[in-house]
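K.L.:
The structure is given below, and queries will be raised subsequently.
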Amino acid sequence: MSTVVTQPTEYVYGLKVRIFPSSKQKQQIKRSSDAARFIYNELVAINQELYRLKKIKIYIRQVVQRIEQLTNRQKSFVKIADLHPWLHDPLIDSLAKSNAIMTYRQSLNRHFKVANTGLPKFHKKTYEEKYQTSNQKSTDIFSGSIRFLDQTHLQLPKLGRIRIKNSQKFIFEHGDNIKIGQTVISKDALDHYFMSCTLKSTQPFKKALVKSHHVVGIDLNLDNFLTTSDGDIIDNPRYYRKSLKRLKKAQRTLSRRARRAKTDKKPLKNAKNYQQQRFIVAKLQKQVFNKRHNFLHNLSMSLIKNHDQVIAEELRSKNMLRNHRLAMSIQDVGWRSFLSMLEYKAILYHKTFKTINPKNTTQTCSACGHVLTGTHKLTLKDRHWTCPNCHAFHIRDENAAKNILKIGLTN
C-alpha cells in the first residue's frame, strides 16, 4: 500500500509570525488562554463524571437529574460560564471559548473513529499560553476580524492592532485571493508571542519549480539521517545528544532552585533565581529545536527542488519507540516532521511525494530480488552484505533506498 500526495483544487498554506503585544494585550492573551484551557478541562471533567454515572444501573432520580444537568452544560460555553462568572470578562475573546468546545469535540470524535487514540485529557497549566480564534466576515487577508493592516501590523479580535515580524511578503502580491482560516495565538516558554494561521487560496502560493526529470528513493536510518538511491549520505546531526550535557547541568540547577524556593515557601512564579534558570533551560531547548527544524527544512527543500518525485518509507514511530535503547535517537532525528515537510512542500512546488510500505526493503537484494531469511537475515549491526544468490555487494541503507524507489515506481 502506498500513499501519494496529489495537487489540490484549493491551496492551503500555514503561516506563523512573531507578534509583539503590549502589556495590556499580554494580559488579554493570558485571560483568553486561561478561559480556553478551563472550558476544555471542564468538558473533560463532565465527560468523566457522565461515564461514571451512566455505569449506575439502579434508577435513582438524583442520578438522572445530574446526567441531564451535565448533558445540557456540555452544549454551550454560556452554560459553563454561568457557573463561573469570570468567564464573562469582556477582555476574553468569545471565539476562544467556543473554539475550546469545538477542539474538545474533535478530540472526542477522534477517539471513537481512530484506533489507539485515548479520551481527551486535562490540559496542564504551564508557562506556555495558547488559544484559538476565528476570522469572521473575511473575503481576503485585508478584511475580516483578522486582517493584515500592512506588512508590519495585524488586526486581531479583542487585541486590536498589533505589531508583527513578517518574512512572508509574497502573500501580499496576490492577497485579494487569500483568505485567513483558523488562527492560534500562542506564547512559548521564552515569553515569545506568535500568531499561526491557515491561508487558503484557489491559486498556488508558490510558482512551480523547474522539472529536473529525476526521481529518488530515500531510506531513513539512525546511523545516518538518510541515504538516497543515488548513494548520497546525509549525516545525522544529533543536535539533542550534543546539547545533552549542558542541558542536564542546567536542569539540575533548575531542580535545586525549585527545592530552595519550596523550602523558603515561596511560589515559583515569585522566585527570581528559579525564573532566571527556567529561561536558561527553555533557551537551550529552543536552540535544539531551531537547529533541528532548520536542518529538516533545508534538506526537505533540497530534495523537492532537485527531484520531480521523492519516494520514502512509511514510518511507524510508535512501534519503534518501544525499543528503549533507540527511543532517544529516534526522537532526536525528527523523522515525522521531515516527512510532513516533504509532503506539504511537494504540493506547494507542484512535485510528487509518495510513501510505501517498507516491508523487506532492507532484506531484499536490489539487483536480483532475493530476500534474506533465516541465518542470512540482517541485524542492526550489519552495514554491508553480499547477496548469496547473485553475489552482488550492497551497502545496507543504499540498497534499501533502491528497493524503496523500485516499489514506489511500480505501485
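Order determines the names: the first chain of the C-alpha cells is A, the second B, and so forth; residues in each chain are numbered 1 upward, and ligands are numbered 1 upward as they are shown.
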Write out as a list in words each polymer residue whose atoms come within 10 Å of Arg260 (chain A), counting only C-alpha atoms; drop sequence neighbours fewer than 5 positions from it.

P.N.:
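Selected residues are Leu254, Ser255, Lys265, Lys266, Leu268, Ala271, Asn273 and Tyr274 of chain A.
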
K.L.:
Which residues come within 9 Å of Trp86 (chain A), counting only C-alpha atoms, excluding same-chain residues fewer than 3 positions away, as number ranges by chain?

P.N.:
A: 35, 81, 89

K.L.:
With N, CA and C atoms retained, could you export that selection as a PDB file, in the first residue's frame?

P.N.:
ATOM      1  N   ALA A  35      -9.092  30.908  29.882  1.00  0.00           N
ATOM      2  CA  ALA A  35     -10.506  30.588  29.674  1.00  0.00           C
ATOM      3  C   ALA A  35     -10.658  29.365  28.768  1.00  0.00           C
ATOM      4  N   ALA A  81     -20.158  29.166  31.678  1.00  0.00           N
ATOM      5  CA  ALA A  81     -19.790  30.498  32.170  1.00  0.00           C
ATOM      6  C   ALA A  81     -20.767  31.004  33.232  1.00  0.00           C
ATOM      7  N   ASP A  89     -15.797  37.836  31.392  1.00  0.00           N
ATOM      8  CA  ASP A  89     -14.912  39.003  31.310  1.00  0.00           C
ATOM      9  C   ASP A  89     -14.866  39.520  29.868  1.00  0.00           C
TER      10      ASP A  89
END

K.L.:
Have a look at CA of Met341 (chain A) and CA of Met301 (chain A) and let me know their distance in Å, one decimal.

P.N.:
8.4 Å

K.L.:
Grab the CA of Pro388 (chain A) to CA of Asp219 (chain A) distance for me, in Å with one decimal place.

P.N.:
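Between CA of Pro388 (chain A) and CA of Asp219 (chain A) the gap works out to 22.6 Å.
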
K.L.:
With distances taken over only C-alpha atoms, which residue among A:Ile395, A:Met195, A:Ala189, A:Val64 lies nearest Ile162 (chain A)?

P.N.:
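Of A:Ile395, A:Met195, A:Ala189, A:Val64, the one nearest Ile162 (chain A), counting only C-alpha atoms, is A:Met195.
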
K.L.:
What are the nearest atom pairs, with distances in Å to one decimal, for all residues of region 105-224 of chain A that come at most 12 Å from region 353-372 of chain A, using only C-alpha atoms, set out by chain and rising residue number as JSON lines?

P.N.:
{"residue": "A:Val215", "atom": "CA", "partner": "A:Phe353", "partner_atom": "CA", "distance": 10.0}
{"residue": "A:Val216", "atom": "CA", "partner": "A:Phe353", "partner_atom": "CA", "distance": 10.1}
{"residue": "A:Gly217", "atom": "CA", "partner": "A:Lys354", "partner_atom": "CA", "distance": 9.5}
{"residue": "A:Ile218", "atom": "CA", "partner": "A:Thr355", "partner_atom": "CA", "distance": 9.9}
{"residue": "A:Asp219", "atom": "CA", "partner": "A:Pro358", "partner_atom": "CA", "distance": 9.2}
{"residue": "A:Leu220", "atom": "CA", "partner": "A:Pro358", "partner_atom": "CA", "distance": 10.6}
{"residue": "A:Asn221", "atom": "CA", "partner": "A:Thr362", "partner_atom": "CA", "distance": 11.0}

K.L.:
For Leu108 (chain A), which residue among A:Thr227, A:Asn47, A:Gln28, A:Ser302 is the nearest when counting only C-alpha atoms?

P.N.:
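Between A:Thr227, A:Asn47, A:Gln28, A:Ser302, the residue approaching Leu108 (chain A) most closely is A:Asn47.
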
K.L.:
With a cut-off of 12 Å, could you pull out the residues of region 6-106 of chain A touching region 150-155 of chain A and give me the nearest pair of atoms for each, distance in Å to one decimal, using only C-alpha atoms, ordered by chain and ascending number, as JSON lines?

P.N.:
{"residue": "A:Val17", "atom": "CA", "partner": "A:Thr152", "partner_atom": "CA", "distance": 10.2}
{"residue": "A:Arg18", "atom": "CA", "partner": "A:Thr152", "partner_atom": "CA", "distance": 10.3}
{"residue": "A:Ile19", "atom": "CA", "partner": "A:Leu154", "partner_atom": "CA", "distance": 8.7}
{"residue": "A:Phe20", "atom": "CA", "partner": "A:His153", "partner_atom": "CA", "distance": 9.7}
{"residue": "A:Pro21", "atom": "CA", "partner": "A:Leu154", "partner_atom": "CA", "distance": 10.7}

K.L.:
Closest to Leu95 (chain A) among A:Arg66, A:Lys158, A:Lys26, A:Arg147, using only C-alpha atoms?

P.N.:
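Of all the options, A:Lys158 lies closest to Leu95 (chain A).
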
K.L.:
Please provide the set of residues having any atom within 7 Å of Val12 (chain A), restricted to only C-alpha atoms, with same-chain residues fewer than 3 positions apart removed, written as a PyMOL selection string.

P.N.:
chain A and resi 198-201

K.L.:
Just the selected residues (C-alpha atoms), exported as a compact mmCIF listing (two decimals), in the first residue's frame, please.

P.N.:
# COMPACT_ATOMS: atom_id res chain seq x y z
CA THR A 198 -4.02 28.78 7.76
CA LEU A 199 -4.24 30.69 4.47
CA LYS A 200 -6.50 29.37 1.71
CA SER A 201 -6.48 30.29 -1.96

K.L.:
Please identify the alpha helix (DSSP H) residues within region 321-372 of chain A (assignment by DSSP from backbone atoms) and present them as a PyMOL selection string.

P.N.:
chain A and resi 327-333+335-348

K.L.:
Once DSSP has gone over the backbone, tell me which residues of region 47-265 of chain A are in strand (DSSP E), as a ChimeraX atom specification.

P.N.:
/A:129-133,147-150,153-156,160-165,178-187,193-201,215-220,226-228,233-234

K.L.:
If we count only C-alpha atoms, what is near region 283-290 of chain A at a cut-off of 7 Å, once residues fewer than 6 positions away on the same chain are taken out, given as a list in words?

P.N.:
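Residues near the query, excluding close chain neighbours: Leu190, Tyr239, Tyr240 and Leu247 of chain A.
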
K.L.:
Mind dumping the selected residues with all heavy atoms as a PDB file, in the first residue's frame?

P.N.:
ATOM      1  N   LEU A 190       9.742  30.985  26.443  1.00  0.00           N
ATOM      2  CA  LEU A 190      10.662  32.123  26.459  1.00  0.00           C
ATOM      3  C   LEU A 190       9.922  33.453  26.429  1.00  0.00           C
ATOM      4  O   LEU A 190      10.543  34.505  26.225  1.00  0.00           O
ATOM      5  CB  LEU A 190      11.622  32.042  25.267  1.00  0.00           C
ATOM      6  CG  LEU A 190      12.698  30.951  25.337  1.00  0.00           C
ATOM      7  CD1 LEU A 190      13.444  30.846  24.021  1.00  0.00           C
ATOM      8  CD2 LEU A 190      13.664  31.215  26.479  1.00  0.00           C
ATOM      9  N   TYR A 239      21.474  16.825  17.237  1.00  0.00           N
ATOM     10  CA  TYR A 239      21.523  18.101  17.969  1.00  0.00           C
ATOM     11  C   TYR A 239      21.212  17.923  19.457  1.00  0.00           C
ATOM     12  O   TYR A 239      21.845  18.559  20.302  1.00  0.00           O
ATOM     13  CB  TYR A 239      20.530  19.092  17.350  1.00  0.00           C
ATOM     14  CG  TYR A 239      20.917  19.539  15.961  1.00  0.00           C
ATOM     15  CD1 TYR A 239      20.103  19.268  14.869  1.00  0.00           C
ATOM     16  CD2 TYR A 239      22.108  20.231  15.741  1.00  0.00           C
ATOM     17  CE1 TYR A 239      20.455  19.683  13.592  1.00  0.00           C
ATOM     18  CE2 TYR A 239      22.465  20.647  14.470  1.00  0.00           C
ATOM     19  CZ  TYR A 239      21.638  20.363  13.402  1.00  0.00           C
ATOM     20  OH  TYR A 239      21.998  20.769  12.141  1.00  0.00           O
ATOM     21  N   TYR A 240      20.248  17.068  19.761  1.00  0.00           N
ATOM     22  CA  TYR A 240      19.875  16.888  21.170  1.00  0.00           C
ATOM     23  C   TYR A 240      20.998  16.230  21.954  1.00  0.00           C
ATOM     24  O   TYR A 240      21.336  16.664  23.064  1.00  0.00           O
ATOM     25  CB  TYR A 240      18.597  16.061  21.271  1.00  0.00           C
ATOM     26  CG  TYR A 240      18.163  15.808  22.698  1.00  0.00           C
ATOM     27  CD1 TYR A 240      17.623  16.828  23.470  1.00  0.00           C
ATOM     28  CD2 TYR A 240      18.299  14.545  23.272  1.00  0.00           C
ATOM     29  CE1 TYR A 240      17.229  16.610  24.782  1.00  0.00           C
ATOM     30  CE2 TYR A 240      17.912  14.312  24.589  1.00  0.00           C
ATOM     31  CZ  TYR A 240      17.375  15.343  25.330  1.00  0.00           C
ATOM     32  OH  TYR A 240      17.001  15.129  26.637  1.00  0.00           O
ATOM     33  N   LEU A 247      22.401  20.668  28.847  1.00  0.00           N
ATOM     34  CA  LEU A 247      21.001  20.688  29.231  1.00  0.00           C
ATOM     35  C   LEU A 247      20.789  20.008  30.582  1.00  0.00           C
ATOM     36  O   LEU A 247      20.047  20.518  31.439  1.00  0.00           O
ATOM     37  CB  LEU A 247      20.160  20.009  28.149  1.00  0.00           C
ATOM     38  CG  LEU A 247      18.640  20.134  28.255  1.00  0.00           C
ATOM     39  CD1 LEU A 247      18.220  21.593  28.295  1.00  0.00           C
ATOM     40  CD2 LEU A 247      17.970  19.432  27.074  1.00  0.00           C
TER      41      LEU A 247
END

K.L.:
Using only C-alpha atoms, which residues sit within 12 Å of Lys381 (chain A) once same-chain residues fewer than 2 positions away are excluded, as an NGL selection string?

P.N.:
:A and (222-223 or 377-379 or 383-385 or 396-397)
